[in-house]
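Student: Here you go, one structure.
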Amino acid sequence: MSTLQLFIDSTFCDAENGETTPIEYPADGSIHTRAAEASSKDAERAIAAARKEFDYGKWRQTTVGERGEILRKVASRLLAEKDTIARLETLDTGKTLAECEMDVDDVASVFNYYADQASATIGRVVDPSTPGVSSRTITEPVGVCVLITPWNYPLLQASWKVAPALLAGNSIILKPSELTPSTTHYLVKILVEEGVEPAAVQLLLGAGSNIGPTLTESPDVDMVSFTGGLETGRSIMKSASGTVKRVALELGGKNPNVIFADADLPAAIDNALTAIFLDSGQVCSAGARLIVEESIRQEVVDELVRRAQQIRVGDPFDQETETGALISAGHREKVHSYVQRAVEQGAKLLCGGQVPEGAGYFYPPTILDECDQTMDCVHDESFGPVLTVETFDGGSEAEREANAIAIANDTIYGLAGAVWTADASRAERVARQLRHGTIWINDYHPYVPQAEWGGMKQSGNGRELGPTGLAEYLEIKHIWHNIQPAKAGWFADPDNS
Ligand code: NAD
């Protein structure tokens, strides 16, 4: 069985202590590959190599146009090798092959989008009116950027960081989830084969808890961009504070999907299923909280249960399968314990909620009715195929709307949410009052590389994608050039007056 190696100082290599970790295929629990398990010594070596490249190397000296062209070649390679990459992603994640193929298309779009942004990193003339002065801002790469990614969309989350960071001219240290290293490893090979300066890319594999602090505390690292869970995000922010480095956090969500009684119900119900059960709910923006107007609650819930029970969960490589496995045994236990606790706390289990027999970490689409905000399953991110149903009501239209907004905003998170209504004015009012980084009106889940993505409140800070996703990896410098130097004349010079 092959072992995925680290990439440090332009060379694929084993971990310095020779350790490796098995990588499981979540759909049957078998080991499909092994990955080098980096130690803090490997992390130190990667930091030193990235630092040397950034301070004295070639990548940041190439033109942004050249870097953009390389990103475009990377996008073409990804598309040409989509079958292989999607297969690896399915083996690591247990997600359906069809979804993984779509993810590779999305990843290529991200590289192409940032290739198109090559001209966006130029600065601006600040004040053309001061005589004899050229005052302007320019952009520069931030420096050594540590990019840490989760297991749910391994390559996609990496692309949101890698493409803008490299376009900007940074040196990167990539750290994918220890559960899903294969496609990031594959990407590193493509990056260097297509012309990215090898010394500008380091790849560390293994547990974040082992090497994370070395990376995030180091004074030689200028930025940490992290996507993952809230607790890890908090600890990264703390450990990065000692060196006041730039920290960008994309954390969890507990996302409301609000349905008003006047909505197009067949569309709203169908999308409510996709919102929560796509990729078995292991999506940061999953619509895990259904917040439905009381008068249509029964109709909506009955239809959701009928449809949820027909979702085909199973072999991710089977084209008939609609959703695959959860990432690990431990994660399934966590999801199941949220469901059990919800029932103990008064929720009504309408479907799912049972751990199936057999190999693989599958979990059925689960719907919990009669939920409220006191329940753990409503305010914590269970990150599985579990939909909680809450309702809103009120004596007047305005009261009902205000109640819906209050419930949808009653969360420490603020990543994404949706509102379903036929009333365009209400849709706009609600969308503007929801404190979440992305709002869909009469839709759920679409995103485009051109639009910023990120969280309010404890869903994180900063934004990925769009022009802001590039700005995260740029410093802005003001250069004031006095072309006709003259004395300032502030302090008197009595001897020469
Ligand atoms: P996680 O926080 O457990 O791990 C994420 C990454 O952090 C992994 O690579 C891990 O090895 C690393 N890590 C762990 N401890 C570390 C430390 N002390 N220092 C540095 N790195 C460390 O998250 P996960 O379980 O892999 O991913 C699921 C989470 O990611 C969910 O909460 C989900 O909502 C979130 N997520 C958010 C977005 C978004 O766009 N906001 C997108 C995808 C996933």
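Here's how to read the names in the structure tokens: chain A, B, ... by the order shown, residue numbers from 1 in each chain, ligand numbers from 1 in the order shown.
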What's around A:Asp42 at 9 Å? Count only C-alpha atoms, leave out sequence neighbours fewer than 2 positions away in its own chain, and write the answer as a short mmCIF file (atom, residue, chain, number, x, y, z; two decimals) with N, CA, C and O atoms, in the first residue's frame.

Tutor:
```cif
data_model
loop_
_atom_site.label_atom_id
_atom_site.label_comp_id
_atom_site.auth_asym_id
_atom_site.auth_seq_id
_atom_site.Cartn_x
_atom_site.Cartn_y
_atom_site.Cartn_z
N LEU A 6 4.95 13.82 2.80
CA LEU A 6 4.95 15.27 3.02
C LEU A 6 5.68 15.91 1.84
O LEU A 6 6.39 15.23 1.09
N ILE A 8 8.27 19.02 1.60
CA ILE A 8 8.99 20.06 2.35
C ILE A 8 10.25 20.42 1.58
O ILE A 8 10.98 19.53 1.12
N ALA A 15 7.83 11.43 7.06
CA ALA A 15 7.93 12.19 8.31
C ALA A 15 9.29 11.87 8.94
O ALA A 15 9.80 10.75 8.75
N GLU A 16 9.88 12.81 9.66
CA GLU A 16 11.25 12.60 10.16
C GLU A 16 11.32 11.38 11.09
O GLU A 16 12.33 10.71 11.13
N ALA A 38 3.16 13.96 10.24
CA ALA A 38 4.20 14.96 10.50
C ALA A 38 4.34 15.23 12.00
O ALA A 38 3.36 15.22 12.75
N SER A 39 5.57 15.49 12.40
CA SER A 39 5.84 15.88 13.79
C SER A 39 6.13 17.37 13.83
O SER A 39 6.22 18.02 12.78
N SER A 40 6.35 17.89 15.03
CA SER A 40 6.64 19.32 15.11
C SER A 40 7.99 19.64 14.44
O SER A 40 8.18 20.74 13.92
N GLU A 44 8.57 22.50 11.74
CA GLU A 44 9.62 23.53 11.82
C GLU A 44 10.40 23.61 10.50
O GLU A 44 10.73 24.69 10.03
N ARG A 45 10.66 22.42 9.92
CA ARG A 45 11.38 22.41 8.64
C ARG A 45 10.56 23.08 7.54
O ARG A 45 11.09 23.83 6.71
N ALA A 46 9.26 22.81 7.56
CA ALA A 46 8.39 23.41 6.54
C ALA A 46 8.34 24.93 6.71
O ALA A 46 8.39 25.68 5.72
N ILE A 47 8.29 25.39 7.95
CA ILE A 47 8.24 26.84 8.19
C ILE A 47 9.55 27.48 7.70
O ILE A 47 9.54 28.51 7.01
N LEU A 204 2.04 19.50 4.86
CA LEU A 204 2.18 18.72 6.10
C LEU A 204 0.93 17.89 6.28
O LEU A 204 -0.18 18.40 6.13
N ILE A 211 0.89 19.19 15.33
CA ILE A 211 1.75 20.20 14.70
C ILE A 211 1.13 21.59 14.69
O ILE A 211 1.81 22.57 14.40
#
```

Student: Could you list, as a ChimeraX atom specification, all residues that come within 8 Å of ligand 1? Count only C-alpha atoms and all ligand atoms.

Tutor: /A:148-153,157,175-179,206-213,215-216,226-233,235-236,249-253,282-285,381,383,415,453-455,459-460

Student: Under the rule that only C-alpha atoms are counted, which of A:Ile441, A:Leu474, A:Leu434, A:Val313 is the nearest residue to A:Ala325?

Tutor: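 Nearest to A:Ala325: A:Val313.
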
Student: Calculated over only C-alpha atoms, which of the candidates A:Asp443, A:Glu303, A:Asp279, A:Asp222 has the smallest distance to A:Pro141?

Tutor: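 Among the listed residues, the smallest separation from A:Pro141 belongs to A:Asp222.
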
Student: Can you write out as a Markdown table which residues of stretch 234-289 of chain A fall within 9 Å of stretch 357-377 of chain A, alongside each residue's closest atom pair and its distance in Å to one decimal, counting only C-alpha atoms and ordering rows by chain and ascending residue number?

Tutor:
```
| residue | atom | partner | partner_atom | distance |
| --- | --- | --- | --- | --- |
| A:Ile276 | CA | A:Pro365 | CA | 8.7 |
| A:Phe277 | CA | A:Pro365 | CA | 6.6 |
| A:Ser280 | CA | A:Pro365 | CA | 7.4 |
| A:Gly281 | CA | A:Pro365 | CA | 8.7 |
```

Student: Could you save those same residues with N, CA, C and O atoms as a tab-separated table (two decimals), in the first residue's frame?

Tutor:
```tsv
chain	number	residue	atom	x	y	z
A	276	ILE	N	-30.43	20.08	4.15
A	276	ILE	CA	-29.89	19.36	5.31
A	276	ILE	C	-29.28	18.02	4.93
A	276	ILE	O	-28.27	17.61	5.53
A	277	PHE	N	-29.82	17.32	3.94
A	277	PHE	CA	-29.36	15.94	3.74
A	277	PHE	C	-28.26	15.79	2.68
A	277	PHE	O	-27.71	14.70	2.54
A	280	SER	N	-25.01	14.06	3.61
A	280	SER	CA	-25.42	13.60	4.95
A	280	SER	C	-25.27	14.69	6.01
A	280	SER	O	-24.91	14.41	7.15
A	281	GLY	N	-25.54	15.92	5.60
A	281	GLY	CA	-25.55	17.02	6.58
A	281	GLY	C	-24.18	17.50	6.99
A	281	GLY	O	-24.06	18.39	7.85
```

Student: Pick the closest to A:Glu99 from A:Ser328, A:Gln319, A:Gln5, A:Asn257: which is it, counting only C-alpha atoms?

Tutor: A:Gln319

Student: Pick the closest to A:Ile483 from A:Gly132, A:Pro22, A:Gly195, A:Pro181: which is it, counting only C-alpha atoms?

Tutor: A:Gly132

Student: In terms of the shortest atom-to-atom distance over only C-alpha atoms, which of A:Asn442, A:His32, A:Gly394, A:Thr93 is closest to A:Ala424?

Tutor: A:Asn442

Student: Among stretch 13-71 of chain A, which ones does DSSP assign to strand (DSSP E) (computed from the backbone)? Answer as a list in words.

Tutor: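 Those residues are Cys13, Thr20, Thr21, Pro22, Ile23, Glu24, Tyr25, Ser30, Ile31, His32, Thr33, Arg34, Ala35 and Ala36 of chain A.
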
Student: When you count only C-alpha atoms, which of these residues is closest to A:Val196: A:Ser241, A:Ser171, A:Ser225, A:Thr137?

Tutor: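 Closest to A:Val196, using only C-alpha atoms: A:Ser171.
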
Student: What's around A:Thr21 at 7 Å? Count only C-alpha atoms, leave out sequence neighbours fewer than 6 positions away in its own chain, and write the answer as a PyMOL selection string.

Tutor: chain A and resi 34-37

Student: Take the residues from that selection and write them out as an mmCIF file, in the first residue's frame, keeping all heavy atoms.

Tutor:
```cif
data_model
loop_
_atom_site.group_PDB
_atom_site.id
_atom_site.type_symbol
_atom_site.label_atom_id
_atom_site.label_comp_id
_atom_site.auth_asym_id
_atom_site.auth_seq_id
_atom_site.Cartn_x
_atom_site.Cartn_y
_atom_site.Cartn_z
ATOM 1 N N ARG A 34 -2.156 5.070 3.305
ATOM 2 C CA ARG A 34 -1.556 5.575 4.545
ATOM 3 C C ARG A 34 -0.963 6.943 4.256
ATOM 4 O O ARG A 34 -0.670 7.269 3.102
ATOM 5 C CB ARG A 34 -0.457 4.630 5.059
ATOM 6 C CG ARG A 34 -0.957 3.232 5.394
ATOM 7 C CD ARG A 34 0.120 2.412 6.082
ATOM 8 N NE ARG A 34 0.374 2.857 7.452
ATOM 9 C CZ ARG A 34 -0.310 2.439 8.518
ATOM 10 N NH1 ARG A 34 -1.295 1.579 8.380
ATOM 11 N NH2 ARG A 34 0.009 2.875 9.726
ATOM 12 N N ALA A 35 -0.809 7.733 5.301
ATOM 13 C CA ALA A 35 -0.233 9.070 5.118
ATOM 14 C C ALA A 35 0.839 9.303 6.162
ATOM 15 O O ALA A 35 0.704 8.870 7.321
ATOM 16 C CB ALA A 35 -1.325 10.130 5.256
ATOM 17 N N ALA A 36 1.902 9.972 5.748
ATOM 18 C CA ALA A 36 2.961 10.334 6.701
ATOM 19 C C ALA A 36 2.353 11.191 7.810
ATOM 20 O O ALA A 36 1.472 12.016 7.554
ATOM 21 C CB ALA A 36 4.049 11.114 5.981
ATOM 22 N N GLU A 37 2.811 10.963 9.034
ATOM 23 C CA GLU A 37 2.284 11.707 10.183
ATOM 24 C C GLU A 37 3.361 12.712 10.621
ATOM 25 O O GLU A 37 4.359 12.348 11.243
ATOM 26 C CB GLU A 37 1.965 10.709 11.311
ATOM 27 C CG GLU A 37 1.418 11.305 12.583
ATOM 28 C CD GLU A 37 -0.006 11.851 12.456
ATOM 29 O OE1 GLU A 37 -0.804 11.305 11.670
ATOM 30 O OE2 GLU A 37 -0.298 12.840 13.152
#
```
